[in-house]
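The file model.cif comes next; it holds mmCIF, C-alpha atoms.
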data_work
loop_
_atom_site.label_atom_id
_atom_site.label_comp_id
_atom_site.auth_asym_id
_atom_site.auth_seq_id
_atom_site.Cartn_x
_atom_site.Cartn_y
_atom_site.Cartn_z
CA MET A 1 0.00 0.00 0.00
CA SER A 2 1.29 3.44 -0.89
CA GLU A 3 1.43 6.36 1.48
CA THR A 4 -1.18 9.10 1.23
CA ALA A 5 -1.25 12.73 2.31
CA ASP A 6 -3.57 15.67 1.77
CA VAL A 7 -0.55 17.88 1.13
CA VAL A 8 3.09 17.07 0.36
CA ILE A 9 5.60 19.87 0.96
CA ILE A 10 8.94 19.53 -0.81
CA GLY A 11 11.62 21.19 1.31
CA SER A 12 11.82 21.53 5.10
CA GLY A 13 13.65 24.85 5.34
CA ILE A 14 12.14 27.83 7.09
CA VAL A 15 9.56 28.45 4.36
CA GLY A 16 8.40 24.84 4.01
CA SER A 17 8.26 24.54 7.80
CA SER A 18 6.15 27.69 8.01
CA VAL A 19 3.69 26.33 5.42
CA ALA A 20 3.41 23.09 7.42
CA TYR A 21 2.82 25.03 10.65
CA HIS A 22 0.15 27.28 9.16
CA LEU A 23 -1.66 24.37 7.51
CA ALA A 24 -1.70 22.49 10.81
CA GLU A 25 -2.90 25.56 12.72
CA GLN A 26 -5.90 25.67 10.36
CA GLY A 27 -6.71 22.00 10.91
CA CYS A 28 -5.01 20.44 7.88
CA THR A 29 -2.71 17.95 9.60
CA ASN A 30 -2.43 15.10 7.08
CA VAL A 31 0.67 16.80 5.73
CA LEU A 32 3.98 15.22 4.72
CA VAL A 33 7.16 17.31 4.48
CA VAL A 34 9.90 15.70 2.38
CA GLU A 35 13.52 16.76 2.88
CA ARG A 36 16.43 15.31 0.89
CA GLU A 37 19.04 16.17 3.55
CA ALA A 38 19.57 14.20 6.77
CA HIS A 39 18.93 17.35 8.81
CA GLN A 40 16.81 20.46 8.40
CA GLY A 41 18.38 23.79 7.48
CA LYS A 42 21.15 22.51 5.22
CA GLY A 43 20.08 24.85 2.41
CA SER A 44 19.69 28.63 2.44
CA THR A 45 18.05 28.76 5.88
CA GLY A 46 21.20 27.68 7.67
CA LYS A 47 23.34 30.18 5.74
CA SER A 48 21.11 33.22 6.25
CA MET A 49 22.14 36.45 7.96
CA GLY A 50 18.79 36.39 9.77
CA GLY A 51 17.82 40.01 9.10
CA VAL A 52 14.20 41.17 9.28
CA ARG A 53 13.09 44.59 8.06
CA ALA A 54 10.04 46.54 7.00
CA GLN A 55 12.07 49.05 4.98
CA PHE A 56 11.13 47.87 1.49
CA SER A 57 9.97 49.81 -1.55
CA THR A 58 6.90 47.85 -2.72
CA PRO A 59 3.55 47.49 -0.92
CA VAL A 60 3.47 43.67 -0.94
CA ASN A 61 6.95 43.34 0.60
CA ILE A 62 6.16 46.00 3.20
CA GLN A 63 2.93 44.21 4.11
CA MET A 64 4.67 40.84 4.34
CA SER A 65 7.36 42.36 6.56
CA ARG A 66 4.86 44.10 8.82
CA TYR A 67 3.00 40.85 9.48
CA SER A 68 6.16 38.78 9.82
CA ILE A 69 7.98 41.11 12.22
CA ASP A 70 4.91 41.27 14.46
CA PHE A 71 4.76 37.46 14.33
CA PHE A 72 8.44 37.18 15.26
CA SER A 73 7.89 39.50 18.22
CA ARG A 74 5.26 37.06 19.54
CA PHE A 75 6.84 33.85 18.22
CA ASP A 76 7.89 32.44 21.59
CA GLU A 77 4.36 32.86 22.96
CA VAL A 78 2.39 31.86 19.85
CA VAL A 79 4.51 28.95 18.61
CA GLY A 80 5.96 27.90 21.95
CA TYR A 81 9.57 27.89 20.81
CA PRO A 82 12.22 30.66 20.70
CA ALA A 83 12.85 32.83 17.64
CA ASP A 84 15.62 34.94 19.23
CA TYR A 85 14.09 38.10 17.75
CA ARG A 86 16.33 41.09 18.47
CA ALA A 87 14.88 44.51 17.60
CA HIS A 88 18.20 46.28 17.04
CA GLY A 89 16.92 48.16 13.99
CA TYR A 90 18.10 48.80 10.42
CA LEU A 91 19.88 52.05 9.57
CA PHE A 92 20.08 53.07 5.90
CA CYS A 93 22.71 55.74 5.15
CA ALA A 94 22.34 57.92 2.03
CA THR A 95 25.34 59.66 0.50
CA ASN A 96 23.53 61.73 -2.16
CA GLU A 97 20.19 63.45 -2.69
CA GLN A 98 18.86 60.76 -5.02
CA GLN A 99 19.41 58.06 -2.39
CA PHE A 100 17.91 60.24 0.35
CA GLN A 101 14.84 61.03 -1.74
CA TYR A 102 14.47 57.31 -2.43
CA LEU A 103 14.47 56.60 1.32
CA LYS A 104 11.93 59.39 1.91
CA THR A 105 9.61 58.02 -0.78
CA ASN A 106 9.88 54.50 0.64
CA ARG A 107 9.22 55.83 4.14
CA GLU A 108 5.99 57.54 3.03
CA ARG A 109 4.83 54.23 1.54
CA GLN A 110 5.83 52.35 4.69
CA LEU A 111 3.94 54.81 6.91
CA ALA A 112 0.86 54.58 4.69
CA LEU A 113 0.89 50.79 5.08
CA GLY A 114 1.02 50.92 8.87
CA VAL A 115 4.74 50.81 9.63
CA GLN A 116 4.64 53.84 11.89
CA ASN A 117 8.10 53.87 13.41
CA VAL A 118 10.36 54.54 10.40
CA GLU A 119 12.30 57.70 11.23
CA LEU A 120 14.27 60.14 9.12
CA VAL A 121 17.70 60.61 10.70
CA SER A 122 20.44 63.20 10.27
CA PRO A 123 24.19 62.61 9.95
CA SER A 124 24.59 63.52 13.63
CA ASP A 125 21.87 61.01 14.57
CA ILE A 126 23.67 58.35 12.55
CA ALA A 127 26.97 59.12 14.27
CA GLN A 128 25.35 58.48 17.64
CA PHE A 129 24.43 54.92 16.61
CA VAL A 130 28.00 54.06 15.56
CA PRO A 131 30.47 56.83 16.49
CA GLN A 132 33.23 55.05 14.55
CA LEU A 133 31.27 55.39 11.27
CA ARG A 134 32.67 57.83 8.74
CA THR A 135 29.81 60.29 8.13
CA ASP A 136 31.48 63.14 6.21
CA ASP A 137 29.66 62.19 2.98
CA ILE A 138 26.39 60.98 4.58
CA ILE A 139 23.50 63.44 4.16
CA GLY A 140 20.80 61.49 6.03
CA GLY A 141 19.05 58.18 6.34
CA THR A 142 16.17 56.17 7.77
CA PHE A 143 15.95 54.03 10.87
CA CYS A 144 13.27 51.55 11.96
CA GLN A 145 13.65 50.29 15.52
CA THR A 146 11.54 47.14 15.08
CA ASP A 147 13.72 45.90 12.22
CA GLY A 148 16.36 43.52 13.48
CA PHE A 149 17.37 39.87 13.45
CA VAL A 150 16.11 36.39 14.26
CA ASP A 151 17.86 33.03 14.51
CA PRO A 152 16.74 31.28 11.27
CA HIS A 153 17.44 27.78 12.59
CA SER A 154 15.39 28.37 15.74
CA VAL A 155 12.47 29.76 13.76
CA MET A 156 12.55 26.85 11.32
CA MET A 157 12.68 24.30 14.13
CA GLY A 158 9.91 26.06 16.04
CA PHE A 159 7.58 25.96 13.04
CA MET A 160 8.32 22.30 12.34
CA LEU A 161 8.19 21.08 15.94
CA LYS A 162 4.81 22.73 16.47
CA ALA A 163 3.53 21.32 13.18
CA ARG A 164 4.65 17.82 14.17
CA GLU A 165 2.86 18.20 17.50
CA HIS A 166 -0.32 18.53 15.40
CA GLY A 167 0.49 15.39 13.40
CA VAL A 168 2.47 16.68 10.44
CA ARG A 169 5.03 14.11 9.26
CA LEU A 170 8.63 14.87 8.31
CA TRP A 171 10.68 12.56 6.12
CA LEU A 172 14.37 13.41 6.29
CA ASP A 173 17.05 11.97 4.02
CA THR A 174 14.37 11.43 1.36
CA ALA A 175 14.73 12.56 -2.25
CA VAL A 176 11.81 13.49 -4.49
CA THR A 177 12.44 11.81 -7.83
CA GLY A 178 9.18 12.57 -9.58
CA ILE A 179 5.85 14.38 -9.39
CA GLU A 180 2.99 12.53 -11.06
CA THR A 181 0.14 14.26 -12.86
CA ASP A 182 -2.92 13.15 -14.74
CA PRO A 183 -2.92 13.37 -17.69
CA ALA A 184 0.78 12.55 -17.47
CA HIS A 185 3.14 15.17 -18.88
CA THR A 186 5.86 14.31 -21.35
CA GLY A 187 8.98 16.13 -20.28
CA THR A 188 12.65 15.50 -19.75
CA ALA A 189 12.34 14.99 -16.00
CA ASP A 190 11.85 11.47 -14.66
CA THR A 191 8.45 11.40 -12.97
CA GLY A 192 9.42 8.20 -11.20
CA THR A 193 6.17 6.29 -11.85
CA ALA A 194 7.77 3.02 -12.86
CA GLY A 195 6.55 0.23 -10.66
CA VAL A 196 3.79 2.29 -9.03
CA PRO A 197 0.50 0.39 -8.92
CA PRO A 198 -2.18 2.03 -11.12
CA ALA A 199 -4.59 2.01 -8.18
CA SER A 200 -2.31 4.39 -6.31
CA ARG A 201 -2.51 7.01 -9.06
CA THR A 202 -5.47 9.23 -8.18
CA LYS A 203 -7.61 10.30 -11.16
CA ASP A 204 -9.56 13.59 -11.13
CA VAL A 205 -10.97 13.09 -7.64
CA LEU A 206 -12.78 16.01 -5.99
CA ARG A 207 -11.41 16.55 -2.47
CA PRO A 208 -13.99 18.90 -0.91
CA GLU A 209 -12.95 21.17 1.95
CA SER A 210 -14.20 19.90 5.29
CA ALA A 211 -14.28 21.09 8.86
CA GLY A 212 -11.09 19.11 9.39
CA GLY A 213 -9.23 21.33 6.97
CA THR A 214 -8.91 18.94 4.02
CA PRO A 215 -7.83 21.06 1.05
CA ALA A 216 -10.25 21.71 -1.77
CA VAL A 217 -9.05 20.67 -5.23
CA PRO A 218 -11.49 21.88 -7.89
CA VAL A 219 -12.42 19.65 -10.82
CA PHE A 220 -12.84 21.42 -14.14
CA ALA A 221 -15.28 19.34 -16.19
CA GLY A 222 -14.06 18.67 -19.66
CA SER A 223 -10.73 20.36 -19.01
CA MET A 224 -7.51 18.73 -20.10
CA THR A 225 -5.58 20.65 -17.45
CA ARG A 226 -3.16 18.37 -15.71
CA ARG A 227 -3.51 17.81 -11.99
CA ILE A 228 -1.27 16.45 -9.26
CA THR A 229 -1.83 12.81 -8.32
CA GLY A 230 1.26 11.92 -6.34
CA VAL A 231 4.94 12.19 -5.59
CA MET A 232 7.61 9.57 -6.10
CA THR A 233 10.32 9.58 -3.43
CA SER A 234 13.29 7.44 -2.50
CA ARG A 235 10.98 5.89 0.13
CA GLY A 236 8.29 5.10 -2.40
CA PHE A 237 5.16 6.64 -3.89
CA VAL A 238 2.94 9.09 -1.98
CA SER A 239 -0.57 9.65 -3.30
CA THR A 240 -1.59 13.30 -2.87
CA PRO A 241 -3.68 15.92 -4.67
CA ILE A 242 -1.52 18.84 -3.57
CA VAL A 243 2.22 19.51 -3.75
CA VAL A 244 3.90 22.62 -2.35
CA ASN A 245 7.24 23.50 -3.91
CA ALA A 246 9.33 24.95 -1.06
CA ALA A 247 12.66 23.82 -2.48
CA GLY A 248 14.46 27.18 -2.23
CA ALA A 249 17.24 27.66 -4.74
CA TRP A 250 16.39 24.26 -6.27
CA ALA A 251 12.76 25.24 -6.96
CA ALA A 252 13.04 25.33 -10.75
CA GLN A 253 14.24 21.73 -10.89
CA VAL A 254 11.40 20.60 -8.64
CA ALA A 255 8.86 22.47 -10.78
CA ARG A 256 10.13 20.68 -13.89
CA LEU A 257 9.34 17.32 -12.26
CA ALA A 258 5.70 18.33 -12.69
CA GLY A 259 6.28 19.77 -16.16
CA ALA A 260 6.06 23.37 -14.94
CA GLU A 261 8.47 26.24 -15.49
CA LEU A 262 9.61 28.55 -12.70
CA PRO A 263 11.92 31.56 -13.26
CA VAL A 264 14.08 31.02 -10.16
CA GLU A 265 17.87 30.79 -10.27
CA PRO A 266 20.50 30.50 -7.54
CA LEU A 267 22.91 33.33 -6.80
CA ARG A 268 25.76 33.06 -4.31
CA ARG A 269 25.93 35.45 -1.35
CA GLN A 270 28.97 35.46 0.94
CA LEU A 271 29.26 36.51 4.60
CA VAL A 272 32.42 37.29 6.55
CA PRO A 273 32.50 37.33 10.37
CA THR A 274 35.34 39.02 12.19
CA GLU A 275 37.08 37.62 15.21
CA PRO A 276 35.95 39.17 18.55
CA PHE A 277 36.17 42.92 18.12
CA ASP A 278 35.47 45.61 20.73
CA GLY A 279 36.22 48.61 18.50
CA LEU A 280 32.49 49.16 17.85
CA PRO A 281 29.55 49.47 20.29
CA LYS A 282 28.26 46.30 21.91
CA ARG A 283 24.85 46.98 20.36
CA PHE A 284 24.02 48.87 17.19
CA PRO A 285 21.65 48.48 14.20
CA MET A 286 22.29 46.78 10.92
CA VAL A 287 24.06 49.60 9.05
CA ILE A 288 23.66 49.84 5.27
CA ASP A 289 26.04 52.04 3.25
CA MET A 290 23.93 52.90 0.19
CA SER A 291 26.98 54.13 -1.75
CA THR A 292 28.41 50.60 -2.01
CA GLY A 293 25.77 48.22 -0.61
CA PHE A 294 28.14 47.18 2.18
CA HIS A 295 26.27 46.37 5.39
CA PHE A 296 27.25 45.06 8.79
CA ARG A 297 25.96 44.25 12.25
CA ARG A 298 27.24 42.81 15.47
CA GLU A 299 27.24 39.03 15.75
CA GLY A 300 28.19 37.92 19.25
CA LYS A 301 31.56 39.41 20.11
CA GLY A 302 32.46 40.00 16.47
CA ILE A 303 31.06 41.89 13.49
CA LEU A 304 29.27 40.20 10.57
CA LEU A 305 30.19 41.79 7.23
CA ALA A 306 28.02 41.50 4.10
CA TRP A 307 28.21 42.83 0.57
CA ASN A 308 26.58 41.62 -2.62
CA ASP A 309 29.29 41.42 -5.26
CA PRO A 310 27.81 42.78 -8.54
CA GLU A 311 30.21 40.55 -10.49
CA GLU A 312 28.70 37.37 -9.00
CA THR A 313 27.09 35.10 -11.60
CA PRO A 314 24.18 32.64 -11.14
CA GLY A 315 24.88 29.03 -10.30
CA PHE A 316 24.97 26.49 -7.50
CA LYS A 317 28.20 27.82 -6.00
CA THR A 318 28.22 27.18 -2.27
CA ASP A 319 31.95 27.36 -1.60
CA PHE A 320 33.35 30.53 -0.07
CA ASP A 321 35.78 32.39 -2.32
CA PRO A 322 38.79 33.57 -0.22
CA SER A 323 39.38 36.49 -2.61
CA PHE A 324 36.08 37.95 -1.40
CA VAL A 325 37.69 38.85 1.94
CA GLU A 326 39.83 41.61 0.45
CA LYS A 327 36.88 43.02 -1.51
CA ILE A 328 34.64 43.32 1.51
CA LEU A 329 37.33 44.54 3.91
CA THR A 330 38.18 47.36 1.50
CA ARG A 331 34.58 48.57 1.65
CA ALA A 332 34.37 47.99 5.39
CA ALA A 333 37.47 50.03 6.18
CA ASP A 334 36.33 52.83 3.90
CA ARG A 335 33.07 53.29 5.82
CA VAL A 336 34.33 52.29 9.27
CA PRO A 337 38.10 52.90 9.47
CA ARG A 338 38.32 51.05 12.78
CA LEU A 339 37.30 47.84 10.97
CA ALA A 340 40.75 47.84 9.36
CA GLU A 341 41.94 46.61 12.76
CA ALA A 342 39.50 43.67 12.84
CA GLU A 343 40.90 40.19 12.28
CA VAL A 344 39.22 37.83 9.82
CA ASN A 345 39.67 34.09 9.47
CA PRO A 346 38.48 33.08 5.95
CA ARG A 347 37.80 29.56 7.23
CA ARG A 348 34.98 30.94 9.38
CA ALA A 349 33.35 32.74 6.44
CA TRP A 350 30.60 31.07 4.46
CA ALA A 351 28.50 31.22 1.32
CA GLY A 352 24.80 30.56 0.75
CA LEU A 353 22.34 30.83 -2.10
CA TYR A 354 19.71 33.46 -2.78
CA GLU A 355 16.82 32.17 -4.90
CA MET A 356 16.40 34.99 -7.39
CA THR A 357 13.45 35.94 -9.58
CA PRO A 358 13.61 38.50 -12.42
CA ASP A 359 11.80 41.17 -10.35
CA HIS A 360 13.26 40.20 -6.95
CA HIS A 361 9.86 39.30 -5.51
CA ALA A 362 8.66 35.93 -4.27
CA ILE A 363 6.43 33.64 -6.31
CA ILE A 364 3.49 32.58 -4.15
CA GLY A 365 0.42 30.84 -5.53
CA ALA A 366 -0.97 28.05 -7.63
CA ALA A 367 0.69 26.89 -10.83
CA PRO A 368 -1.53 27.99 -13.73
CA ASP A 369 -1.05 24.79 -15.72
CA VAL A 370 -0.90 22.08 -13.03
CA LYS A 371 -3.84 21.89 -10.62
CA GLY A 372 -2.75 21.17 -7.07
CA LEU A 373 0.81 22.47 -7.52
CA TYR A 374 1.66 25.49 -5.38
CA PHE A 375 4.76 27.66 -5.46
CA VAL A 376 6.33 29.44 -2.48
CA ASN A 377 9.68 30.32 -3.99
CA GLY A 378 12.04 32.98 -5.27
CA PHE A 379 12.35 35.20 -2.21
CA SER A 380 15.54 36.81 -3.52
CA GLY A 381 17.14 36.98 -0.08
CA HIS A 382 13.97 37.64 1.93
CA GLY A 383 12.85 34.07 2.67
CA VAL A 384 13.70 34.07 6.38
CA MET A 385 12.18 37.45 7.15
CA HIS A 386 8.99 36.76 5.18
CA SER A 387 8.54 33.14 6.29
CA PRO A 388 5.59 33.82 8.65
CA ALA A 389 3.66 35.72 5.98
CA SER A 390 4.51 33.34 3.11
CA GLY A 391 3.55 30.28 5.14
CA ARG A 392 0.23 31.80 6.17
CA MET A 393 -0.58 33.03 2.64
CA THR A 394 0.24 29.65 1.08
CA ALA A 395 -1.86 27.77 3.64
CA ASP A 396 -4.76 30.15 3.01
CA LEU A 397 -4.53 29.67 -0.76
CA ILE A 398 -4.51 25.88 -0.41
CA LEU A 399 -7.40 25.71 2.06
CA HIS A 400 -9.56 28.64 0.97
CA GLY A 401 -8.41 29.69 -2.50
CA ARG A 402 -7.45 33.18 -1.26
CA SER A 403 -5.75 34.89 1.64
CA ASN A 404 -7.36 37.61 3.71
CA LEU A 405 -3.96 38.44 5.18
CA ILE A 406 -2.33 39.89 2.06
CA ASP A 407 -3.47 39.79 -1.55
CA ALA A 408 -1.20 37.16 -3.09
CA SER A 409 -2.30 37.75 -6.68
CA PRO A 410 0.57 40.16 -7.54
CA LEU A 411 3.01 37.37 -6.60
CA GLY A 412 1.59 34.78 -9.00
CA VAL A 413 3.99 33.24 -11.50
CA GLU A 414 1.73 34.48 -14.33
CA ARG A 415 3.20 37.97 -13.93
CA PHE A 416 6.30 36.93 -15.83
CA THR A 417 4.27 36.18 -18.96
CA THR A 418 1.78 39.06 -18.64
CA GLY A 419 4.46 41.64 -17.91
CA ALA A 420 2.99 42.65 -14.53
CA LEU A 421 6.33 42.67 -12.74
CA ILE A 422 6.73 44.44 -9.39
CA GLU A 423 10.38 45.40 -9.16
CA GLU A 424 11.90 45.56 -5.67
CA THR A 425 14.79 48.01 -5.51
CA ALA A 426 15.55 47.86 -1.76
CA LEU A 427 17.84 44.85 -2.07
CA LEU A 428 20.59 43.70 0.28
#
What do you get writing this file as structure tokens?
Amino acid sequence: MSETADVVIIGSGIVGSSVAYHLAEQGCTNVLVVEREAHQGKGSTGKSMGGVRAQFSTPVNIQMSRYSIDFFSRFDEVVGYPADYRAHGYLFCATNEQQFQYLKTNRERQLALGVQNVELVSPSDIAQFVPQLRTDDIIGGTFCQTDGFVDPHSVMMGFMLKAREHGVRLWLDTAVTGIETDPAHTGTADTGTAGVPPASRTKDVLRPESAGGTPAVPVFAGSMTRRITGVMTSRGFVSTPIVVNAAGAWAAQVARLAGAELPVEPLRRQLVPTEPFDGLPKRFPMVIDMSTGFHFRREGKGILLAWNDPEETPGFKTDFDPSFVEKILTRAADRVPRLAEAEVNPRRAWAGLYEMTPDHHAIIGAAPDVKGLYFVNGFSGHGVMHSPASGRMTADLILHGRSNLIDASPLGVERFTTGALIEETALL
């Protein structure tokens, strides 16, 4: 007998774990999460800087941040596990009028959407946050005190542990080798149906929503639209009407298993921690130098340095490049001369993958050509901070067909064919 589940989630990182949690909280507990690694958090979650901020430029990202940051502030109470949310703030520093006007415009949008504590700050205000910062070319900035950091691993584990308390199953060390649809698609990916009994391949079955939270899968009479019938894994076949793609940087490959296309590609991001360093305050915000994109914050007794190299090219590159150290230290010392004294051990630095979309916004919603396939992908570096909102929105779409939390329609994958892109410019 094959396994069955109302929903199969592919990927147990922070986003997949959030989807599982929010489904279970709404009563849908016959959920299976499939993870190819032996432990959770081996992908982008475990490599994240853990930043959370409301200072975005587009309404949907601001709304997702507002909900998520409030959720993080109550995470320990609501979920019952720690998130290690630290409201140290984000401080954006503008070095010309164009940058400053950009921050002012974003702030007006943030205020209009309910983020009421974004402040305009002067160069003297900025110097009080980090006296060692060179401010001679800074003309102003913005600061939001509820921006800050969480521990991504703790959040991921909290979501999954609570979901499992409700009955959600987690299969670790299990690869997904195929996604079966009916009618079957003819693609290059192996759908892995060989040897699966025909009786285990569900055919156009209506799964009405019930009080228990069973997802509704509509049947379109006379339609030749393909629909999900199951997932083939290294443990065997799982019959299911709904698959959630939460595979992070590997989302495009997973989508192709169902014959769907997803414009998500991996892009390496590298982080460099210093050795213990007391040349900066013990507590200060995440500081963003808008002239170069260099940003930094305290991490324990040291300083965590970040910069997105514009020469980086897409690909599954997860090894740290030692030559990156000189690049980032040059920018660090230029903005904070004292950082020239900080010691760095390249062996403690690391690299992770952003899952990029063409407009730097997430893809959240149903696949237009495969019924029962849902995407929650392409966060472009914002997966950790938006995990509460994305998990809730995805669960709502599966169970109710819409989300009252935030309108998910602008994030549908269809926007890339209709031209309705929503470019995010506040990228880190």
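Picked out by the PyMOL selection byres ((chain A and resi 13) around 9) when it runs on this file: A:Gly11, A:Ser12, A:Ile14, A:Val15, A:Gly16, A:Ser17, A:Ser18, A:Glu35, A:Gln40, A:Gly41, A:Lys42, A:Gly43, A:Ser44, A:Thr45, A:Gly46, A:His153, A:Met156, A:Met157, A:Ala246, A:Ala247, A:Gly248.
Distance annotation: of A:Leu91, A:Asn96, A:Ala342, A:Ala351, the residue with the minimal separation from A:Trp307 is A:Ala351; atom set is all atoms listed in the file.
Comparing A:Gly50, A:Pro131, A:Gly89, A:Gly27 by their smallest distance to A:His166, the closest is A:Gly27 (using all atoms listed in the file).
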Evaluate the PyMOL selection byres ((chain A and resi 405) around 10) and report residues as number ranges by chain: A: 63-64, 67, 389, 392-393, 396, 402-404, 406-408
Contacts of A:Phe71 at 12 Å (only C-alpha atoms; same-chain gap of 6+ positions) as a ChimeraX atom specification: /A:18,52,64-65,77-79,82-83,85,146,150,155,159,385-392
Residues just named, written with C-alpha atoms as a PDB file, in the frame of the given file:
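As written to disk, part_17.pdb reads:
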ATOM      1  CA  SER A  18       6.150  27.690   8.010  1.00  0.00           C
ATOM      2  CA  VAL A  52      14.200  41.170   9.280  1.00  0.00           C
ATOM      3  CA  MET A  64       4.670  40.840   4.340  1.00  0.00           C
ATOM      4  CA  SER A  65       7.360  42.360   6.560  1.00  0.00           C
ATOM      5  CA  GLU A  77       4.360  32.860  22.960  1.00  0.00           C
ATOM      6  CA  VAL A  78       2.390  31.860  19.850  1.00  0.00           C
ATOM      7  CA  VAL A  79       4.510  28.950  18.610  1.00  0.00           C
ATOM      8  CA  PRO A  82      12.220  30.660  20.700  1.00  0.00           C
ATOM      9  CA  ALA A  83      12.850  32.830  17.640  1.00  0.00           C
ATOM     10  CA  TYR A  85      14.090  38.100  17.750  1.00  0.00           C
ATOM     11  CA  THR A 146      11.540  47.140  15.080  1.00  0.00           C
ATOM     12  CA  VAL A 150      16.110  36.390  14.260  1.00  0.00           C
ATOM     13  CA  VAL A 155      12.470  29.760  13.760  1.00  0.00           C
ATOM     14  CA  PHE A 159       7.580  25.960  13.040  1.00  0.00           C
ATOM     15  CA  MET A 385      12.180  37.450   7.150  1.00  0.00           C
ATOM     16  CA  HIS A 386       8.990  36.760   5.180  1.00  0.00           C
ATOM     17  CA  SER A 387       8.540  33.140   6.290  1.00  0.00           C
ATOM     18  CA  PRO A 388       5.590  33.820   8.650  1.00  0.00           C
ATOM     19  CA  ALA A 389       3.660  35.720   5.980  1.00  0.00           C
ATOM     20  CA  SER A 390       4.510  33.340   3.110  1.00  0.00           C
ATOM     21  CA  GLY A 391       3.550  30.280   5.140  1.00  0.00           C
ATOM     22  CA  ARG A 392       0.230  31.800   6.170  1.00  0.00           C
TER      23      ARG A 392
END
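Among the candidates A:Ile126, A:Ala184, A:Val231, A:Leu120, the residue lying nearest to A:Ala5 is A:Val231 (atoms considered: all atoms listed in the file).
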So what do you get for atom CA of A:Ile422 versus atom CA of A:Lys317, distance-wise? 27.4 Å
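The space separating atom CA of A:Gly419 from atom CA of A:Glu265 comes to 18.9 Å.
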Starting from the displayed file, determine the output of the PyMOL selection byres ((chain A and resi 62) around 10) and express the residue list as a VMD selection string. chain A and resid 53 to 61 63 to 68 106 109 to 111 113 to 115 386
